[in-house]
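One file, data_25.tsv, is given below (TSV, C-alpha atoms and all ligand atoms).
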chain	number	residue	atom	x	y	z
A	1	MET	CA	36.18	-61.91	-54.06
A	2	LYS	CA	35.80	-60.06	-57.34
A	3	LYS	CA	32.22	-59.33	-56.47
A	4	ILE	CA	33.03	-58.11	-52.97
A	5	LEU	CA	35.79	-55.71	-54.08
A	6	PRO	CA	33.53	-53.10	-55.73
A	7	ILE	CA	31.35	-53.13	-52.62
A	8	LEU	CA	34.41	-52.56	-50.41
A	9	ILE	CA	35.58	-49.71	-52.64
A	10	ALA	CA	32.14	-48.16	-52.53
A	11	LEU	CA	32.12	-48.40	-48.72
A	12	VAL	CA	35.55	-46.75	-48.46
A	13	VAL	CA	34.47	-43.92	-50.78
A	14	ALA	CA	31.27	-43.43	-48.88
A	15	LEU	CA	33.14	-43.37	-45.56
A	16	ALA	CA	35.65	-40.88	-46.92
A	17	ALA	CA	32.89	-38.68	-48.20
A	18	ALA	CA	31.14	-38.79	-44.87
A	19	THR	CA	34.41	-38.02	-43.05
A	20	ASP	CA	35.11	-35.15	-45.45
A	21	ILE	CA	31.75	-33.62	-44.74
A	22	PHE	CA	32.33	-34.01	-41.02
A	23	LEU	CA	35.78	-32.43	-41.24
A	24	TYR	CA	34.43	-29.72	-43.51
A	25	ASP	CA	31.80	-28.77	-40.95
A	26	LEU	CA	34.33	-28.75	-38.14
A	27	ASN	CA	36.53	-26.43	-40.16
A	28	ASN	CA	33.67	-24.30	-41.33
A	29	LYS	CA	34.28	-20.77	-40.13
A	30	ASN	CA	30.55	-20.12	-40.18
A	31	LEU	CA	30.12	-22.68	-37.43
A	32	GLY	CA	31.63	-20.27	-34.93
A	33	LYS	CA	29.23	-17.55	-36.07
A	34	ILE	CA	26.26	-19.90	-35.79
A	35	PHE	CA	27.29	-20.89	-32.27
A	36	ALA	CA	27.70	-17.23	-31.28
A	37	GLN	CA	24.25	-16.46	-32.69
A	38	GLN	CA	22.73	-19.30	-30.67
A	39	VAL	CA	24.33	-17.95	-27.48
A	40	ALA	CA	23.01	-14.49	-28.30
A	41	ASN	CA	19.53	-15.89	-28.95
A	42	ASN	CA	19.63	-17.74	-25.64
A	43	ASN	CA	20.70	-14.56	-23.88
A	44	ILE	CA	17.81	-12.63	-25.46
A	45	ALA	CA	15.42	-15.39	-24.36
A	46	ALA	CA	16.89	-15.34	-20.85
A	47	ALA	CA	16.71	-11.55	-20.69
A	48	SER	CA	13.08	-11.47	-21.82
A	49	SER	CA	12.15	-14.13	-19.27
A	50	ILE	CA	13.75	-12.01	-16.49
A	51	LYS	CA	11.55	-9.07	-17.55
A	52	THR	CA	8.42	-11.07	-16.82
A	53	ILE	CA	9.44	-11.77	-13.19
A	54	THR	CA	7.63	-9.30	-10.91
A	55	PRO	CA	9.04	-8.88	-7.40
A	56	VAL	CA	6.43	-9.66	-4.75
A	57	PRO	CA	6.82	-7.87	-1.39
A	58	PRO	CA	6.29	-10.20	1.59
A	59	VAL	CA	3.37	-8.19	3.01
A	60	ALA	CA	1.91	-5.28	1.08
A	61	LEU	CA	-0.91	-3.19	2.52
A	62	ALA	CA	-3.33	-1.33	0.26
A	63	ILE	CA	-2.64	1.79	2.33
A	64	ALA	CA	0.03	2.97	4.73
A	65	GLU	CA	-0.52	2.50	8.47
A	66	PRO	CA	-1.84	5.78	9.95
A	67	ILE	CA	-0.07	5.03	13.25
A	68	ALA	CA	2.44	2.37	14.33
A	69	ASN	CA	0.86	-1.00	15.19
A	70	ALA	CA	-2.48	0.33	14.01
A	71	LEU	CA	-4.57	-2.85	14.21
A	72	SER	CA	-3.69	-3.56	17.84
A	73	ARG	CA	-5.00	-0.11	18.82
A	74	VAL	CA	-8.62	-0.54	17.74
A	75	THR	CA	-10.00	-1.46	21.17
A	76	LYS	CA	-12.80	1.01	21.89
A	77	LYS	CA	-14.68	2.55	19.00
A	78	PRO	CA	-14.67	0.63	15.73
A	79	PHE	CA	-16.28	1.90	12.52
A	80	GLY	CA	-20.05	2.35	12.61
A	81	ILE	CA	-20.63	1.78	16.34
A	82	TYR	CA	-23.65	3.68	17.69
A	83	VAL	CA	-22.91	5.59	20.90
A	84	MET	CA	-24.63	8.07	23.19
A	85	PRO	CA	-23.98	9.38	26.70
A	86	GLY	CA	-24.17	6.41	29.09
A	87	PHE	CA	-24.06	3.93	26.20
A	88	SER	CA	-20.51	3.76	24.86
A	89	PRO	CA	-17.15	1.99	25.30
A	90	VAL	CA	-15.92	5.40	26.46
A	91	ASN	CA	-17.05	6.89	29.76
A	92	PRO	CA	-18.01	9.66	29.99
A	93	GLU	CA	-19.37	9.89	26.44
A	94	ARG	CA	-20.25	13.29	25.00
A	95	PHE	CA	-21.27	12.27	21.47
A	96	THR	CA	-24.38	10.68	20.00
A	97	GLY	CA	-24.60	8.82	16.69
A	98	TYR	CA	-22.92	6.33	14.41
A	99	HIS	CA	-19.13	6.59	14.58
A	100	THR	CA	-17.95	7.52	11.07
A	101	GLY	CA	-14.35	6.55	11.70
A	102	VAL	CA	-12.10	4.16	13.58
A	103	ASP	CA	-10.39	5.14	16.85
A	104	PHE	CA	-6.77	4.09	17.36
A	105	GLU	CA	-5.95	4.17	21.09
A	106	THR	CA	-2.69	4.91	22.91
A	107	THR	CA	-1.23	3.02	25.87
A	108	PRO	CA	-0.59	4.55	29.34
A	109	THR	CA	3.14	4.74	28.52
A	110	GLU	CA	2.46	6.70	25.32
A	111	GLN	CA	0.92	9.76	26.92
A	112	LYS	CA	3.97	12.03	26.77
A	113	ALA	CA	6.22	11.02	23.86
A	114	ASP	CA	5.35	12.17	20.35
A	115	ILE	CA	3.17	9.65	18.51
A	116	PRO	CA	3.45	10.30	14.74
A	117	VAL	CA	0.44	10.07	12.45
A	118	TYR	CA	1.01	9.15	8.80
A	119	ALA	CA	-0.96	9.74	5.60
A	120	ILE	CA	-2.62	6.46	4.60
A	121	CYS	CA	-2.68	7.50	0.92
A	122	PRO	CA	-1.26	10.38	-1.13
A	123	GLY	CA	-3.28	13.54	-1.57
A	124	LYS	CA	-3.84	17.24	-1.03
A	125	ILE	CA	-4.60	18.84	2.33
A	126	LEU	CA	-8.12	20.32	2.15
A	127	ILE	CA	-8.62	21.29	5.81
A	128	LYS	CA	-6.19	21.98	8.64
A	129	GLU	CA	-7.83	23.61	11.63
A	130	TRP	CA	-8.91	23.41	15.26
A	131	ALA	CA	-12.46	22.01	15.41
A	132	SER	CA	-14.85	21.29	18.26
A	133	GLY	CA	-14.76	17.60	19.23
A	134	TYR	CA	-11.36	17.09	17.60
A	135	GLY	CA	-8.88	19.73	18.59
A	136	GLY	CA	-6.42	19.62	15.67
A	137	VAL	CA	-7.92	18.04	12.57
A	138	VAL	CA	-6.70	17.51	9.02
A	139	ASN	CA	-8.69	16.44	5.97
A	140	VAL	CA	-6.82	15.09	2.94
A	141	SER	CA	-8.09	14.05	-0.50
A	142	CYS	CA	-7.06	10.74	-2.01
A	143	THR	CA	-8.21	7.84	-4.17
A	144	LEU	CA	-9.02	4.35	-2.84
A	145	SER	CA	-9.88	1.53	-5.25
A	146	GLY	CA	-10.36	4.14	-7.99
A	147	GLN	CA	-12.85	6.07	-5.84
A	148	ALA	CA	-12.32	9.69	-4.75
A	149	VAL	CA	-12.42	10.03	-0.97
A	150	THR	CA	-11.35	12.46	1.73
A	151	VAL	CA	-9.63	11.27	4.89
A	152	THR	CA	-10.05	12.94	8.29
A	153	TYR	CA	-7.29	12.62	10.89
A	154	GLY	CA	-8.59	13.88	14.23
A	155	HIS	CA	-7.10	14.82	17.63
A	156	LEU	CA	-3.71	15.93	16.26
A	157	ARG	CA	-1.46	18.62	17.73
A	158	LEU	CA	-2.17	21.41	15.26
A	159	ALA	CA	1.23	23.07	15.82
A	160	SER	CA	3.02	19.86	14.78
A	161	ILE	CA	1.47	19.87	11.30
A	162	LEU	CA	4.03	21.63	9.13
A	163	LYS	CA	2.30	21.39	5.75
A	164	LYS	CA	-0.38	23.89	4.74
A	165	VAL	CA	-3.78	23.61	3.10
A	166	GLY	CA	-3.26	23.02	-0.64
A	167	GLU	CA	0.03	21.18	-0.17
A	168	THR	CA	0.28	17.45	-0.84
A	169	LEU	CA	1.20	14.54	1.38
A	170	ALA	CA	2.87	11.38	0.10
A	171	GLN	CA	1.59	7.98	1.21
A	172	GLY	CA	3.22	7.17	4.54
A	173	GLU	CA	4.41	10.75	5.08
A	174	GLU	CA	4.20	12.01	8.66
A	175	ILE	CA	1.36	14.52	9.00
A	176	GLY	CA	2.06	15.50	12.60
A	177	VAL	CA	1.73	13.98	16.08
A	178	LEU	CA	-1.19	13.18	18.35
A	179	GLY	CA	-2.38	15.94	20.64
A	180	THR	CA	-1.90	15.71	24.40
A	181	GLY	CA	-4.77	13.87	26.03
A	182	PHE	CA	-7.47	15.87	27.85
A	183	SER	CA	-6.06	19.18	26.61
A	184	LYS	CA	-7.16	21.81	24.10
A	185	GLU	CA	-5.05	19.96	21.51
A	186	THR	CA	-7.61	17.13	21.54
A	187	ASP	CA	-10.55	19.30	22.67
A	188	GLY	CA	-10.53	17.46	25.98
A	189	GLU	CA	-10.56	13.94	24.47
A	190	ARG	CA	-8.30	11.07	25.53
A	191	ARG	CA	-5.14	10.71	23.45
A	192	HIS	CA	-6.12	8.74	20.33
A	193	LEU	CA	-6.38	9.03	16.57
A	194	HIS	CA	-9.82	9.27	14.95
A	195	LEU	CA	-9.62	8.35	11.26
A	196	GLY	CA	-12.65	8.74	9.02
A	197	ILE	CA	-12.93	8.19	5.24
A	198	HIS	CA	-15.78	9.93	3.42
A	199	LYS	CA	-16.78	9.08	-0.16
A	200	GLY	CA	-16.43	11.84	-2.76
A	201	LYS	CA	-14.23	14.88	-3.23
A	202	ASN	CA	-15.82	17.19	-0.66
A	203	ALA	CA	-14.09	17.58	2.69
A	204	VAL	CA	-16.45	16.21	5.36
A	205	ILE	CA	-15.12	15.86	8.89
A	206	ASN	CA	-18.14	14.80	10.97
A	207	GLY	CA	-17.17	12.24	13.59
A	208	TYR	CA	-20.75	10.96	13.98
A	209	VAL	CA	-23.90	10.82	11.87
A	210	ALA	CA	-27.51	10.28	12.88
A	211	THR	CA	-28.62	7.61	10.40
A	212	GLU	CA	-27.35	4.45	8.71
A	213	VAL	CA	-28.05	6.05	5.33
A	214	GLN	CA	-25.57	8.79	6.21
A	215	LEU	CA	-23.12	6.20	7.54
A	216	ALA	CA	-23.15	4.52	4.11
A	217	GLN	CA	-21.22	7.53	2.80
A	218	TRP	CA	-18.27	6.51	4.96
A	219	ILE	CA	-15.63	3.77	4.54
A	220	ASN	CA	-14.05	1.60	7.23
A	221	VAL	CA	-10.28	2.12	7.08
A	222	LEU	CA	-9.80	-1.44	8.34
A	223	ASP	CA	-11.13	-2.67	4.99
A	224	TYR	CA	-7.83	-1.39	3.55
A	225	LEU	CA	-5.47	-2.14	6.44
A	226	LYS	CA	-4.86	-5.70	5.32
A	227	PRO	CA	-2.51	-7.43	2.90
A	228	VAL	CA	-3.17	-6.95	-0.81
A	229	LYS	CA	-4.25	-10.21	-2.47
B	1	ZN	ZN	-13.55	8.57	16.80
Hey, can you dump this file as structure tokens for me?
Amino acid sequence: MKKILPILIALVVALAAATDIFLYDLNNKNLGKIFAQQVANNNIAAASSIKTITPVPPVALAIAEPIANALSRVTKKPFGIYVMPGFSPVNPERFTGYHTGVDFETTPTEQKADIPVYAICPGKILIKEWASGYGGVVNVSCTLSGQAVTVTYGHLRLASILKKVGETLAQGEEIGVLGTGFSKETDGERRHLHLGIHKGKNAVINGYVATEVQLAQWINVLDYLKPVK
């Protein structure tokens, strides 16, 4: 028993010391500060992790649609098709050559109501005029995939285009409406939108070219009318 007593005393002292330390920490005023700092640190971490979250739109197109339901309207003349009188999806055909643009058709019920045409990308109006083969036509500069291009919108009602040459159009902004079919507004063409994209900064509005080498200077708008990956 005499040998066990010092051991018991030592145990009690050790326990008391341990308890003291525990109680000391619980009563330590700094503990509250440390806890607050940890909460703040967690908040900073949470905030910085929120910053890295990028919202992803469900379907994003590289460009704006030039006309409502654009893809469903490409039924006659796609990009690059070679046509000539008697050899064309359109009858009668008055043109000869490789089609530099894409034609977006209208339905029989769309022949009277206004059909808006929108800028596929932002840029400055370079040409706004009445031209043979088009009726009303607009040419707008813009940049696609880092490349300077000019975009031709053909067969528009010239009087509906409110902006002037030199003014800018935002992406998706309404340029005007389609001209009335088989009238001077479309230079006698059926009601549809011709959209051509030419490489470079110069305004070029040709609807057809004679050679494939010339056609290589043009871009198919359908390459951009699809979801961004
Ligand atoms: Zn066309």
Non-local contacts of segment 63-70 of chain A (12 Å; all atoms listed in the file; under 6 positions in same chain excluded) as number ranges by chain: A: 102-107, 110, 114-122, 142-145, 151-154, 156, 170-178, 192-196, 221-228
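Closest approach to Pro108 of chain A among A:Lys199, A:Val83, A:Arg191, A:Val74: A:Arg191, based on only C-alpha atoms.
Of the listed residues (A:Glu189, A:Glu129, A:Glu212, A:Glu167), A:Glu189 comes nearest to ligand ZN 1 (chain B); the distances count all atoms listed in the file.
Computed from the coordinates, the atom CA of Lys77 of chain A to atom CA of Gly101 of chain A distance equals 8.3 Å.
Distances to Thr150 of chain A were evaluated for A:Gly179, A:Pro89, A:Gly133, A:Gly200 using only C-alpha atoms, and the minimum falls at A:Gly200.
Proximity ranking of A:Arg190, A:Arg157, A:Lys128, A:Lys164 relative to ligand ZN 1 (chain B) places A:Arg190 first, based on all atoms listed in the file.
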Taking all atoms listed in the file into account, produce a table as a tab-separated table in which each residue of segment 83-135 of chain A with an atom at most 9 Å from an atom of segment 203-206 of chain A appears once, together with its shortest atom pair and the distance in Å to one decimal, ordered by chain and rising number.
residue	atom	partner	partner_atom	distance
A:Thr100	CA	A:Asn206	CA	7.3
A:Leu126	CA	A:Ala203	CA	6.6
A:Ile127	CA	A:Ala203	CA	7.3
Residues from the last selection, C-alpha atoms, saved as a short mmCIF file (atom, residue, chain, number, x, y, z; two decimals), in the coordinates of the input:
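Output file again_13.cif is given in full below:
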data_model
loop_
_atom_site.label_atom_id
_atom_site.label_comp_id
_atom_site.auth_asym_id
_atom_site.auth_seq_id
_atom_site.Cartn_x
_atom_site.Cartn_y
_atom_site.Cartn_z
CA THR A 100 -17.95 7.52 11.07
CA LEU A 126 -8.12 20.32 2.15
CA ILE A 127 -8.62 21.29 5.81
#
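For the pair atom CA of Ser88 of chain A and atom CA of Ala210 of chain A, the interatomic distance is 15.3 Å.
Distance check against ligand ZN 1 (chain B) using only C-alpha atoms and all ligand atoms: of A:Leu61, A:Ile125, A:Ile81, A:Val213, the minimum falls on A:Ile81.
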I'd like the box whose edges run along x, y and z of the file and which contains every listed atom of segment 106-125 of chain A, padded by 6 Å per side; could you state its centre and edge lengths in Å, one decimal, as AutoDock Vina command-line options?
--center_x 0.8 --center_y 10.9 --center_z 13.9 --size_x 22.8 --size_y 27.8 --size_z 42.9
